[in-house]
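Dumped target_7.txt below, it's compact mmCIF, C-alpha atoms and all ligand atoms:
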```txt
# COMPACT_ATOMS: atom_id res chain seq x y z
CA MET A 1324 0.85 -36.16 -11.06
CA GLN A 1325 0.34 -33.79 -8.14
CA THR A 1326 3.70 -32.27 -7.19
CA SER A 1327 2.52 -29.62 -4.74
CA TYR A 1328 0.00 -29.49 -1.92
CA LEU A 1329 -0.57 -25.76 -2.43
CA MET A 1330 -3.74 -24.48 -4.10
CA GLN A 1331 -2.96 -23.32 -7.60
CA ALA A 1332 -3.78 -19.65 -6.99
CA TYR A 1333 -0.49 -18.35 -8.40
CA ALA A 1334 1.49 -18.78 -11.61
CA ARG A 1335 4.89 -19.19 -9.99
CA GLN A 1336 8.36 -19.10 -11.51
CA PRO A 1337 10.30 -22.31 -10.82
CA ILE A 1338 12.78 -20.48 -8.61
CA ALA A 1339 12.95 -20.15 -4.84
CA PHE A 1340 15.14 -17.67 -2.99
CA GLU A 1341 17.04 -18.44 0.13
CA ARG A 1342 18.75 -15.23 1.13
CA GLY A 1343 18.78 -11.53 0.34
CA ASP A 1344 20.81 -8.39 0.96
CA GLY A 1345 19.47 -4.99 -0.10
CA ALA A 1346 18.47 -5.28 -3.76
CA ARG A 1347 20.24 -8.62 -4.23
CA LEU A 1348 18.84 -12.13 -3.85
CA TRP A 1349 20.32 -15.63 -3.97
CA ASP A 1350 18.36 -18.68 -5.06
CA THR A 1351 18.60 -22.15 -3.54
CA ARG A 1352 21.43 -22.99 -5.95
CA GLY A 1353 23.47 -19.98 -4.91
CA ARG A 1354 22.87 -17.94 -8.07
CA GLU A 1355 22.71 -14.14 -7.53
CA TYR A 1356 19.92 -11.90 -8.85
CA LEU A 1357 19.13 -8.19 -8.95
CA ASP A 1358 15.67 -7.42 -7.57
CA ALA A 1359 13.70 -4.74 -9.46
CA ILE A 1360 10.30 -5.49 -7.85
CA ALA A 1361 11.05 -5.66 -4.10
CA GLY A 1362 8.35 -8.23 -3.37
CA VAL A 1363 5.83 -6.02 -5.23
CA ALA A 1364 6.66 -2.72 -3.50
CA VAL A 1365 6.96 -4.34 -0.06
CA THR A 1366 10.66 -4.53 0.80
CA SER A 1367 11.35 -0.86 0.13
CA LEU A 1368 14.27 -0.91 2.59
CA GLY A 1369 15.74 -3.96 0.84
CA HIS A 1370 16.07 -7.56 1.97
CA ALA A 1371 17.51 -8.50 5.36
CA HIS A 1372 17.89 -4.91 6.60
CA PRO A 1373 19.99 -5.31 9.76
CA GLU A 1374 18.02 -2.78 11.84
CA ILE A 1375 14.70 -4.39 10.90
CA ALA A 1376 16.09 -7.84 11.67
CA ALA A 1377 17.34 -6.62 15.06
CA ALA A 1378 13.99 -4.96 15.89
CA ILE A 1379 12.12 -8.19 15.02
CA ALA A 1380 14.47 -10.34 17.08
CA ASP A 1381 14.40 -8.02 20.08
CA GLN A 1382 10.61 -7.60 20.06
CA ALA A 1383 10.04 -11.34 19.53
CA SER A 1384 12.09 -12.02 22.63
CA ARG A 1385 9.94 -9.59 24.65
CA LEU A 1386 6.34 -9.74 23.39
CA ILE A 1387 4.67 -10.53 20.06
CA HIS A 1388 0.98 -10.41 20.81
CA THR A 1389 -1.41 -9.50 23.60
CA SER A 1390 -4.60 -8.62 21.60
CA ASN A 1391 -6.45 -5.34 21.32
CA LEU A 1392 -8.19 -5.98 24.65
CA PHE A 1393 -5.22 -4.10 26.16
CA GLY A 1394 -3.14 -1.03 25.43
CA ILE A 1395 -0.29 -1.49 22.95
CA ASP A 1396 2.40 1.16 23.23
CA TRP A 1397 4.05 0.45 19.84
CA GLN A 1398 0.62 0.75 18.16
CA GLU A 1399 0.06 4.17 19.81
CA GLN A 1400 3.50 5.31 18.67
CA LEU A 1401 3.08 4.12 15.10
CA GLY A 1402 -0.41 5.66 14.89
CA ALA A 1403 0.90 9.01 16.10
CA ARG A 1404 3.87 9.00 13.71
CA LEU A 1405 1.81 8.02 10.65
CA CYS A 1406 -0.85 10.61 11.45
CA ALA A 1407 1.81 13.31 11.79
CA LEU A 1408 3.36 12.38 8.43
CA ALA A 1409 0.04 12.15 6.57
CA GLY A 1410 -1.92 14.98 8.23
CA MET A 1411 -4.44 12.53 9.72
CA ASP A 1412 -6.04 12.29 13.18
CA ARG A 1413 -6.46 8.58 13.96
CA ALA A 1414 -5.31 5.14 12.78
CA PHE A 1415 -6.74 1.63 12.68
CA PHE A 1416 -4.27 -1.25 12.22
CA CYS A 1417 -4.85 -4.52 10.38
CA ASN A 1418 -2.71 -7.04 8.51
CA SER A 1419 -2.95 -6.38 4.77
CA GLY A 1420 -3.90 -3.92 2.08
CA ALA A 1421 -7.27 -5.46 1.38
CA GLU A 1422 -8.16 -5.25 5.07
CA ALA A 1423 -7.11 -1.60 5.17
CA ASN A 1424 -9.44 -0.89 2.24
CA GLU A 1425 -12.24 -2.90 3.90
CA THR A 1426 -11.81 -0.60 6.89
CA ALA A 1427 -12.09 2.48 4.66
CA LEU A 1428 -15.21 1.08 2.96
CA LYS A 1429 -16.80 0.38 6.34
CA LEU A 1430 -16.12 4.00 7.31
CA ALA A 1431 -17.90 5.06 4.10
CA ARG A 1432 -20.96 2.99 5.14
CA LEU A 1433 -21.03 4.56 8.62
CA HIS A 1434 -20.68 7.99 7.02
CA ALA A 1435 -23.71 7.14 4.83
CA ARG A 1436 -25.78 6.16 7.89
CA ARG A 1437 -25.02 9.49 9.51
CA ARG A 1438 -26.16 11.29 6.41
CA GLY A 1439 -29.32 9.15 6.17
CA ILE A 1440 -28.41 7.58 2.83
CA ALA A 1441 -29.78 4.03 2.79
CA GLN A 1442 -28.29 2.80 -0.52
CA PRO A 1443 -24.91 4.52 -0.59
CA GLN A 1444 -22.54 4.50 -3.55
CA VAL A 1445 -18.76 4.76 -3.52
CA ILE A 1446 -17.14 6.11 -6.69
CA VAL A 1447 -14.29 3.88 -7.88
CA MET A 1448 -12.13 3.95 -11.01
CA ASP A 1449 -11.69 1.91 -14.15
CA ASN A 1450 -8.46 -0.06 -14.16
CA SER A 1451 -8.06 0.14 -10.37
CA PHE A 1452 -6.91 -2.50 -7.91
CA HIS A 1453 -7.94 -2.56 -4.26
CA GLY A 1454 -7.60 -6.20 -3.18
CA ARG A 1455 -9.13 -9.67 -3.30
CA THR A 1456 -11.74 -9.71 -0.53
CA PHE A 1457 -15.40 -9.47 -1.54
CA ALA A 1458 -15.69 -5.71 -1.00
CA THR A 1459 -12.29 -4.86 -2.46
CA LEU A 1460 -12.64 -7.07 -5.54
CA ALA A 1461 -15.99 -5.42 -6.24
CA ALA A 1462 -14.26 -2.03 -5.91
CA SER A 1463 -11.45 -3.09 -8.28
CA GLY A 1464 -11.75 -2.13 -11.95
CA ASN A 1465 -10.39 -5.35 -13.39
CA PRO A 1466 -12.80 -8.05 -14.63
CA ALA A 1467 -10.11 -10.73 -14.17
CA VAL A 1468 -10.17 -10.12 -10.40
CA GLN A 1469 -13.99 -10.41 -10.29
CA ARG A 1470 -14.63 -13.30 -12.68
CA GLY A 1471 -16.19 -16.32 -10.96
CA PHE A 1472 -17.01 -14.49 -7.74
CA GLU A 1473 -20.34 -12.95 -8.71
CA PRO A 1474 -22.71 -11.76 -7.38
CA LEU A 1475 -20.50 -8.76 -6.57
CA LEU A 1476 -21.10 -6.53 -3.58
CA PRO A 1477 -23.27 -3.62 -4.77
CA GLY A 1478 -22.67 0.05 -4.00
CA PHE A 1479 -19.87 0.99 -6.40
CA LEU A 1480 -20.10 3.53 -9.22
CA ARG A 1481 -17.27 3.12 -11.71
CA LEU A 1482 -15.81 6.11 -13.55
CA PRO A 1483 -12.92 6.52 -16.01
CA PHE A 1484 -9.70 7.50 -14.17
CA ASN A 1485 -8.57 11.13 -14.53
CA ASP A 1486 -11.85 12.10 -16.23
CA ALA A 1487 -12.90 15.44 -14.74
CA ASP A 1488 -16.16 15.65 -16.73
CA ALA A 1489 -17.38 12.22 -15.63
CA LEU A 1490 -16.78 13.20 -12.03
CA GLN A 1491 -18.64 16.47 -12.44
CA ARG A 1492 -21.61 14.70 -14.10
CA CYS A 1493 -21.79 12.32 -11.16
CA ALA A 1494 -21.80 15.22 -8.73
CA ASP A 1495 -24.56 16.96 -10.72
CA THR A 1496 -26.88 13.98 -11.06
CA ARG A 1497 -26.52 11.75 -7.99
CA ALA A 1498 -27.49 12.27 -4.37
CA ASP A 1499 -26.46 8.81 -3.15
CA VAL A 1500 -22.66 9.13 -3.41
CA VAL A 1501 -20.86 9.08 -0.04
CA ALA A 1502 -17.19 8.58 -0.92
CA VAL A 1503 -14.56 8.24 -3.64
CA LEU A 1504 -11.85 5.57 -3.47
CA LEU A 1505 -8.85 5.79 -5.78
CA GLU A 1506 -5.13 5.15 -6.09
CA ALA A 1507 -2.71 8.10 -6.37
CA VAL A 1508 -0.92 6.05 -9.02
CA GLN A 1509 -2.66 2.97 -10.42
CA GLY A 1510 -0.07 0.27 -9.79
CA GLU A 1511 -1.52 -3.07 -10.92
CA GLY A 1512 -3.28 -1.08 -13.65
CA GLY A 1513 0.10 -0.23 -15.20
CA VAL A 1514 1.48 2.92 -13.51
CA HIS A 1515 -1.08 5.60 -14.40
CA VAL A 1516 -0.67 8.78 -12.34
CA ALA A 1517 -3.64 10.80 -11.05
CA ASP A 1518 -3.34 14.35 -12.45
CA PRO A 1519 -2.76 16.95 -9.73
CA ALA A 1520 -5.63 19.01 -11.20
CA TYR A 1521 -7.91 15.95 -11.01
CA LEU A 1522 -7.02 15.41 -7.34
CA GLN A 1523 -7.80 19.06 -6.66
CA GLN A 1524 -11.16 18.79 -8.43
CA LEU A 1525 -11.89 15.67 -6.37
CA ARG A 1526 -11.10 17.53 -3.15
CA THR A 1527 -13.38 20.39 -4.14
CA LEU A 1528 -16.30 18.08 -5.06
CA CYS A 1529 -15.84 16.02 -1.90
CA ASP A 1530 -15.98 19.18 0.22
CA ARG A 1531 -19.00 20.53 -1.63
CA HIS A 1532 -21.04 17.29 -1.50
CA GLY A 1533 -19.90 15.77 1.79
CA TRP A 1534 -18.15 12.81 0.14
CA LEU A 1535 -15.18 11.18 1.88
CA LEU A 1536 -12.03 11.35 -0.25
CA MET A 1537 -10.36 7.98 0.35
CA MET A 1538 -6.95 7.34 -1.18
CA ASP A 1539 -5.48 3.87 -1.53
CA GLU A 1540 -1.78 4.51 -0.83
CA ILE A 1541 -1.00 0.84 -0.30
CA GLN A 1542 1.50 0.74 -3.17
CA THR A 1543 2.31 4.46 -3.48
CA GLY A 1544 2.73 5.33 0.21
CA LEU A 1545 5.85 5.74 2.34
CA GLY A 1546 8.13 7.38 -0.20
CA ARG A 1547 7.80 5.28 -3.33
CA THR A 1548 6.55 8.08 -5.60
CA GLY A 1549 9.15 10.61 -4.42
CA LYS A 1550 7.00 12.04 -1.63
CA TRP A 1551 5.80 10.39 1.57
CA PHE A 1552 2.36 9.89 0.01
CA GLY A 1553 1.13 10.03 -3.57
CA PHE A 1554 -1.67 12.49 -2.74
CA GLN A 1555 0.97 15.10 -1.80
CA HIS A 1556 1.77 15.54 -5.51
CA GLY A 1557 -1.72 17.03 -5.84
CA ASP A 1558 -1.30 19.34 -2.83
CA ILE A 1559 -4.45 17.99 -1.21
CA VAL A 1560 -5.24 16.10 1.98
CA PRO A 1561 -7.72 13.18 1.73
CA ASP A 1562 -10.17 12.24 4.50
CA VAL A 1563 -9.05 8.60 4.62
CA ILE A 1564 -5.88 6.86 3.43
CA THR A 1565 -4.91 3.20 3.41
CA LEU A 1566 -1.41 1.75 3.76
CA ALA A 1567 0.16 -1.70 3.81
CA LYS A 1568 2.92 -3.09 1.56
CA ALA A 1569 6.07 -1.14 2.55
CA LEU A 1570 4.89 -0.36 6.10
CA GLY A 1571 6.36 -3.57 7.53
CA ASN A 1572 9.11 -4.17 4.94
CA GLY A 1573 7.73 -7.72 4.67
CA VAL A 1574 6.17 -8.14 8.11
CA PRO A 1575 2.40 -8.15 7.49
CA ILE A 1576 0.73 -4.91 8.56
CA GLY A 1577 -1.93 -2.63 7.12
CA ALA A 1578 -3.36 0.69 8.30
CA CYS A 1579 -6.33 2.90 7.65
CA LEU A 1580 -5.82 6.54 8.68
CA ALA A 1581 -8.56 9.15 8.84
CA ARG A 1582 -9.08 12.76 9.81
CA GLY A 1583 -11.98 14.93 10.86
CA GLU A 1584 -15.40 13.34 11.16
CA ALA A 1585 -14.20 10.13 9.47
CA ALA A 1586 -11.71 9.56 12.30
CA GLN A 1587 -14.55 9.52 14.87
CA LEU A 1588 -16.92 7.07 13.16
CA PHE A 1589 -15.91 3.78 14.78
CA VAL A 1590 -17.10 3.00 18.28
CA PRO A 1591 -16.19 -0.14 20.27
CA GLY A 1592 -17.73 -3.18 18.62
CA ASN A 1593 -17.85 -1.76 15.06
CA HIS A 1594 -14.63 -3.21 13.75
CA GLY A 1595 -11.61 -5.20 14.84
CA SER A 1596 -8.75 -7.53 14.01
CA THR A 1597 -7.17 -10.17 16.23
CA PHE A 1598 -3.63 -9.74 14.92
CA GLY A 1599 -4.02 -6.09 13.85
CA GLY A 1600 -1.50 -3.68 15.33
CA ASN A 1601 0.39 -6.22 17.43
CA PRO A 1602 3.59 -5.08 19.17
CA LEU A 1603 5.88 -6.89 16.70
CA ALA A 1604 4.33 -5.47 13.51
CA CYS A 1605 4.00 -1.95 14.95
CA ARG A 1606 7.56 -1.86 16.26
CA VAL A 1607 8.75 -2.86 12.78
CA GLY A 1608 6.52 -0.12 11.30
CA CYS A 1609 8.18 2.43 13.61
CA CYS A 1610 11.58 1.11 12.59
CA VAL A 1611 10.67 1.47 8.89
CA LEU A 1612 9.64 5.10 9.49
CA SER A 1613 12.83 5.89 11.44
CA ILE A 1614 15.07 4.52 8.69
CA SER A 1615 13.02 6.20 5.94
CA GLU A 1616 13.22 9.57 7.71
CA ARG A 1617 16.90 9.28 8.56
CA GLU A 1618 17.87 8.28 5.00
CA ASN A 1619 15.36 10.68 3.40
CA LEU A 1620 14.03 7.84 1.27
CA PRO A 1621 11.24 9.80 -0.47
CA GLN A 1622 13.87 12.11 -1.97
CA ARG A 1623 16.08 9.15 -2.81
CA ALA A 1624 13.14 7.48 -4.59
CA ARG A 1625 12.65 10.62 -6.67
CA GLN A 1626 16.33 10.83 -7.63
CA LEU A 1627 16.72 7.13 -8.39
CA GLY A 1628 13.39 7.12 -10.24
CA GLU A 1629 14.54 9.98 -12.46
CA ARG A 1630 17.77 8.12 -13.17
CA LEU A 1631 15.99 4.86 -14.00
CA LEU A 1632 13.36 6.53 -16.18
CA ALA A 1633 15.88 8.64 -18.09
CA GLY A 1634 18.14 5.63 -18.68
CA LEU A 1635 15.28 3.50 -19.97
CA GLN A 1636 14.04 6.29 -22.20
CA ARG A 1637 17.55 6.81 -23.60
CA GLN A 1638 18.04 3.10 -24.34
CA LEU A 1639 14.53 1.98 -25.29
CA GLY A 1640 12.60 5.09 -26.35
CA GLY A 1641 11.41 4.78 -29.95
CA LEU A 1642 12.14 1.04 -30.28
CA PRO A 1643 9.50 -0.76 -32.37
CA GLY A 1644 6.83 -2.21 -30.08
CA VAL A 1645 7.74 0.00 -27.09
CA GLU A 1646 4.67 2.20 -26.73
CA ALA A 1647 5.47 4.19 -23.60
CA ILE A 1648 7.99 4.47 -20.78
CA ARG A 1649 6.57 6.32 -17.81
CA GLY A 1650 7.07 6.60 -14.11
CA HIS A 1651 6.52 8.41 -10.85
CA GLY A 1652 9.41 8.07 -8.42
CA LEU A 1653 10.34 4.39 -8.23
CA MET A 1654 7.12 3.16 -9.88
CA ILE A 1655 8.07 2.66 -13.50
CA ALA A 1656 6.34 1.05 -16.48
CA ILE A 1657 7.53 0.02 -19.93
CA GLU A 1658 4.36 -0.45 -21.94
CA LEU A 1659 4.68 -2.79 -24.92
CA ALA A 1660 2.43 -3.02 -27.97
CA GLN A 1661 1.77 -6.72 -27.46
CA PRO A 1662 1.63 -9.29 -24.65
CA CYS A 1663 5.13 -10.38 -23.63
CA ALA A 1664 4.53 -13.92 -22.35
CA GLY A 1665 7.73 -15.43 -20.96
CA MET A 1666 9.39 -12.05 -20.30
CA VAL A 1667 9.61 -12.54 -16.53
CA GLU A 1668 11.17 -15.97 -16.95
CA ARG A 1669 13.62 -14.71 -19.57
CA ALA A 1670 14.67 -11.84 -17.30
CA LEU A 1671 15.46 -14.35 -14.55
CA ARG A 1672 17.22 -16.81 -16.80
CA THR A 1673 19.26 -14.53 -19.07
CA GLU A 1674 19.69 -11.36 -16.99
CA ASP A 1675 19.45 -12.58 -13.37
CA LEU A 1676 16.82 -9.87 -12.91
CA LEU A 1677 13.45 -9.85 -11.10
CA ILE A 1678 10.76 -7.85 -12.91
CA ASN A 1679 6.97 -7.91 -12.97
CA VAL A 1680 4.55 -7.81 -15.90
CA THR A 1681 1.06 -6.41 -15.33
CA ARG A 1682 -1.89 -6.33 -17.74
CA GLU A 1683 0.03 -8.82 -19.97
CA ARG A 1684 2.14 -6.21 -21.74
CA ILE A 1685 3.31 -3.67 -19.18
CA ILE A 1686 6.69 -4.31 -17.56
CA ARG A 1687 6.49 -2.85 -14.07
CA LEU A 1688 9.53 -1.95 -11.97
CA LEU A 1689 9.32 -1.31 -8.22
CA PRO A 1690 12.90 -1.43 -6.93
CA ALA A 1691 13.81 -0.95 -3.28
CA LEU A 1692 14.28 2.72 -2.33
CA ILE A 1693 17.70 1.89 -0.87
CA CYS A 1694 19.13 0.73 -4.22
CA THR A 1695 22.52 2.21 -5.12
CA PRO A 1696 22.81 4.31 -8.30
CA ALA A 1697 25.09 1.54 -9.65
CA GLN A 1698 22.31 -1.02 -9.13
CA ILE A 1699 19.86 1.25 -10.95
CA ASP A 1700 22.35 1.46 -13.84
CA GLN A 1701 22.61 -2.35 -13.89
CA MET A 1702 18.83 -2.58 -14.07
CA ILE A 1703 18.85 -0.20 -17.06
CA GLU A 1704 21.56 -2.21 -18.82
CA ARG A 1705 19.82 -5.55 -18.29
CA LEU A 1706 16.38 -4.24 -19.25
CA ALA A 1707 17.83 -2.60 -22.37
CA ARG A 1708 19.12 -5.99 -23.59
CA LEU A 1709 15.92 -7.78 -22.63
CA VAL A 1710 13.49 -5.34 -24.24
CA THR A 1711 15.66 -4.78 -27.35
CA GLN A 1712 15.63 -8.52 -27.93
CA TRP A 1713 11.85 -8.60 -27.47
CA SER A 1714 11.52 -5.68 -29.88
CA ASN A 1715 13.57 -7.50 -32.55
CA GLY A 1716 11.26 -10.51 -32.19
CA HIS A 1717 8.25 -8.19 -32.35
CA VAL A 1718 9.50 -6.69 -35.63
CA ALA A 1719 10.12 -10.19 -37.05
CA SER A 1720 6.62 -11.39 -36.07
CA GLN A 1721 5.06 -8.30 -37.65
CA ALA A 1722 6.98 -9.04 -40.88
CA VAL A 1723 5.61 -12.61 -40.86
CA ASP A 1724 2.08 -11.25 -40.40
CA VAL A 1725 2.49 -9.07 -43.50
CA VAL A 1726 3.75 -11.99 -45.64
CA GLU A 1727 0.90 -14.23 -44.46
CA ALA A 1728 -1.62 -11.52 -45.15
CA GLU A 1729 -0.56 -11.14 -48.80
CA PRO A 1730 -2.45 -14.02 -50.44
CA VAL A 1731 -5.69 -12.77 -48.92
CA CYS A 1732 -5.26 -9.43 -50.70
CA LYS A 1733 -4.89 -10.96 -54.19
C1 LIG A 1801 -1.36 -4.63 -3.21
C2 LIG A 1801 -2.49 -3.67 -3.23
C3 LIG A 1801 -3.68 -3.91 -2.52
C4 LIG A 1801 -3.94 -5.21 -1.79
O1 LIG A 1801 -3.06 -5.45 -0.75
P1 LIG A 1801 -3.00 -6.92 -0.07
O2 LIG A 1801 -2.02 -6.74 1.04
O3 LIG A 1801 -2.55 -7.87 -1.15
O4 LIG A 1801 -4.36 -7.24 0.39
C5 LIG A 1801 -4.65 -2.94 -2.54
N1 LIG A 1801 -4.47 -1.79 -3.20
C6 LIG A 1801 -3.35 -1.51 -3.90
C7 LIG A 1801 -3.21 -0.21 -4.60
C8 LIG A 1801 -2.32 -2.45 -3.95
O5 LIG A 1801 -1.23 -2.19 -4.66
```
In structure tokens, what does this structure look like?
Amino acid sequence: MQTSYLMQAYARQPIAFERGDGARLWDTRGREYLDAIAGVAVTSLGHAHPEIAAAIADQASRLIHTSNLFGIDWQEQLGARLCALAGMDRAFFCNSGAEANETALKLARLHARRRGIAQPQVIVMDNSFHGRTFATLAASGNPAVQRGFEPLLPGFLRLPFNDADALQRCADTRADVVAVLLEAVQGEGGVHVADPAYLQQLRTLCDRHGWLLMMDEIQTGLGRTGKWFGFQHGDIVPDVITLAKALGNGVPIGACLARGEAAQLFVPGNHGSTFGGNPLACRVGCCVLSISERENLPQRARQLGERLLAGLQRQLGGLPGVEAIRGHGLMIAIELAQPCAGMVERALRTEDLLINVTRERIIRLLPALICTPAQIDQMIERLARLVTQWSNGHVASQAVDVVEAEPVCK
């Protein structure tokens, strides 16, 4: 029998939350949880931040929307502040990560026209994630995202991530490349960090061949990796960056920032968004930046990330079935040897803990940057129990496999 009128696009847990405070959440029955995913890297300042709530209420009582037919002071302010932080020249505002990447990909097409390249290619990476719209799903390196939606948009060249030789070969053999789009840390792909040397090689090749270096900072941006932006770990500056997730702490907003020639490509009529950059979303974005600067949240993410990673390594390193524990700031992965179906539900039920599993066997943690050290320690304690129990089951199932395999050998 149909119990919901929502399209079945998500595999949801049978829990709904009613209220939050920082890294804590309460469900509709009043049970308290610890949140180690922050709405998938969105609520970096925690739930129900009082300053954000006040900014929303105040702006809503003044003006929410007037359209981009008119000047919007909060949009100008947010654009200026983001450009100053990221070393960019101009911003375009939209409402989501996928739209921010669409904007970047449209810039790459205009860049191609200028260079007289009729069939331009954008280099993208294996194992990447850039969104669910037609252009961004074609750019994503995950067949599960693409399946059923063919024919895919052409114009993407896929390379292995962090592979310097593959990049060099592309530069040596192709004249139709106009841009490279990649994540500073592959998030949905399971927390794989771009090597600083690879980013530097990318910058050099982009300069030499006139490619736009476009970095998807939607998950990594605004302090999560321990710096304001993930690309800063490589000591480079891209030509284009995209932001969304944490920029509104839950209020939908996305941004595409660009510098140099790339910042001048759009002219009136090229691109637009009805809701994009409205006074409410941009005021919240400014509020997020003010709090992040005042509390030095990038540094806090680095310190808390080191604490979380070290604790997990101490408690879980070397356990059977635990293949790797890695992280970059407050993006942390526990990679298991086998799929861990039911892990998210068990974490909720037995540990009152919100976690995420990506690629079927990688536990991903994205806690709010405002977590207390005590909350980080609680996460370590709860994850240690959860993963140790999984590991014991993993060992038992391996033993069963061996016994079952025996008759075949005789
Ligand atoms: C979440 C995410 C996106 C897509 O953002 P939406 O707001 O869901 O469209 C794109 N790129 C990366 C790296 C992401 O993490």
**Report entry** Counting all atoms listed in the file, the residue of A:Ala1414, A:Leu1688, A:Ala1604, A:Ala1670 that sits nearest Leu1632 (chain A)
**Finding:** A:Leu1688
Query raised in the report: Restricting the calculation to all atoms listed in the file, which member of A:Asn1465, A:Ser1451, A:Gln1524, A:Asn1601 is positioned closest to Leu1504 (chain A)?
Result: A:Ser1451
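As for CA of Gly1608 (chain A) and CA of Leu1570 (chain A), they are spaced 5.5 Å apart.
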Query - Counting all atoms listed in the file, the residue of A:Arg1623, A:Arg1672, A:Ile1395, A:Leu1692 that sits nearest Pro1337 (chain A) - result: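 Of A:Arg1623, A:Arg1672, A:Ile1395, A:Leu1692, the one nearest Pro1337 (chain A) is A:Arg1672, counting all atoms listed in the file.
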Using 3 Å of padding on each side, determine the axis-aligned box around all atoms of ligand LIG 1801 (chain A) present in the file and give its centre and edge lengths in Å to one decimal, as lines of an AutoDock Vina configuration file.
```
center_x = -2.9
center_y = -4.0
center_z = -1.8
size_x = 9.4
size_y = 13.7
size_z = 11.7
```
Can you write out as CSV which residues of chain A fall within 7 Å of ligand LIG 1801 (chain A), alongside each residue's closest atom pair and its distance in Å to one decimal, counting only C-alpha atoms and all ligand atoms and ordering rows by chain and ascending residue number?
```
residue,atom,partner,partner_atom,distance
A:Ser1419,CA,A:LIG1801,O2,3.9
A:Gly1420,CA,A:LIG1801,O1,3.3
A:Ala1421,CA,A:LIG1801,O4,3.6
A:Glu1422,CA,A:LIG1801,O4,6.3
A:Phe1452,CA,A:LIG1801,N1,5.4
A:His1453,CA,A:LIG1801,N1,3.7
A:Gly1454,CA,A:LIG1801,C4,4.0
A:Arg1455,CA,A:LIG1801,O4,6.5
A:Glu1506,CA,A:LIG1801,C7,5.9
A:Gln1509,CA,A:LIG1801,C7,6.7
A:Gly1510,CA,A:LIG1801,O5,5.8
A:Glu1511,CA,A:LIG1801,O5,6.3
A:Asp1539,CA,A:LIG1801,C7,5.6
A:Glu1540,CA,A:LIG1801,C7,6.2
A:Ile1541,CA,A:LIG1801,C6,4.9
A:Gln1542,CA,A:LIG1801,O5,4.3
A:Ala1567,CA,A:LIG1801,O2,6.2
A:Lys1568,CA,A:LIG1801,O2,6.2
```
Query raised in the report: For Asp1488 (chain A), which residue out of A:Ile1699, A:Met1538, A:Val1516, A:Leu1528 is the nearest one, using all atoms listed in the file?
Result: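 Of A:Ile1699, A:Met1538, A:Val1516, A:Leu1528, the one nearest Asp1488 (chain A), counting all atoms listed in the file, is A:Leu1528.
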Requested in this report: Pick out the residues sitting within 10 Å of Thr1351 (chain A), and hand them over as JSON, numbers by chain; count only C-alpha atoms, and ignore anything fewer than 4 positions along from it in its own chain.
Outcome: {"A": [1338, 1339, 1340, 1341, 1342, 1355]}
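By only C-alpha atoms, and with residues fewer than 2 positions from region 1396-1400 of chain A along its chain excluded, the set lying at most 8 Å from it is Gly1394, Gly1402, Ala1403, Arg1404, Phe1416, Gly1600, Asn1601, Pro1602, Cys1605, Arg1606 and Cys1609 of chain A.
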If you keep C-alpha atoms, can you produce a file of those selected residues as a CSV table (one decimal), keeping the file's coordinate frame?
```
chain,number,residue,atom,x,y,z
A,1394,GLY,CA,-3.1,-1.0,25.4
A,1402,GLY,CA,-0.4,5.7,14.9
A,1403,ALA,CA,0.9,9.0,16.1
A,1404,ARG,CA,3.9,9.0,13.7
A,1416,PHE,CA,-4.3,-1.2,12.2
A,1600,GLY,CA,-1.5,-3.7,15.3
A,1601,ASN,CA,0.4,-6.2,17.4
A,1602,PRO,CA,3.6,-5.1,19.2
A,1605,CYS,CA,4.0,-2.0,15.0
A,1606,ARG,CA,7.6,-1.9,16.3
A,1609,CYS,CA,8.2,2.4,13.6
```
Query raised in the report: So which residues touch Arg1682 (chain A) within 9 Å, counting all atoms listed in the file, skipping near sequence neighbours fewer than 2 positions away, as a PyMOL selection string?
Result: chain A and resi 1511-1513+1662+1680+1684-1686
Report task. Could you check which of A:Leu1588, A:Ala1462, A:Leu1659, A:Ile1678 is closest to Leu1642 (chain A), using all atoms listed in the file? Result ->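 Ranking A:Leu1588, A:Ala1462, A:Leu1659, A:Ile1678 by distance to Leu1642 (chain A), first place goes to A:Leu1659.
Proximity ranking of A:Pro1443, A:Pro1621, A:Gly1353, A:Gly1644 relative to Thr1543 (chain A) places A:Pro1621 first, based on all atoms listed in the file.
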**Report entry** Interatomic distance, CA of Ser1367 (chain A) to CA of Ala1691 (chain A) (Å, one decimal)
**Finding:**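 Rounded to one decimal, the two atoms are 4.2 Å apart.
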Query raised in the report: Which neighbours of Leu1428 (chain A) fall inside 9 Å, counting only C-alpha atoms, when residues of the same chain fewer than 5 positions from it are skipped, and could you give them as an MDAnalysis selection string?
Result: chainID A and resid 1423 1433 1445 1458:1459 1502 1504 1537
Query raised in the report: For the atom pair CA of Ala1656 (chain A) and CA of Val1514 (chain A), what is the interatomic distance in Å to one decimal place?
Result: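 Computing it gives 6.0 Å between the two atoms.
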Query - For Leu1536 (chain A): contacts at 10 Å, only C-alpha atoms, fewer than 5 positions along chain excluded, given as a VMD selection string - result: chain A and resid 1431 1445 to 1446 1501 to 1505 1522 1525 to 1530 1560 to 1564 1581
Using only C-alpha atoms, what table do you get, as a Markdown table, when you list each residue of region 1332-1401 of chain A with an atom no more than 12 Å from region 1705-1713 of chain A, its nearest pair of atoms, and their distance in Å rounded to one decimal, rows by chain then rising number?
```
| residue | atom | partner | partner_atom | distance |
| --- | --- | --- | --- | --- |
| A:Tyr1356 | CA | A:Arg1705 | CA | 11.4 |
| A:Leu1357 | CA | A:Arg1705 | CA | 9.7 |
| A:Asp1358 | CA | A:Arg1705 | CA | 11.6 |
| A:Ala1359 | CA | A:Leu1706 | CA | 10.2 |
```
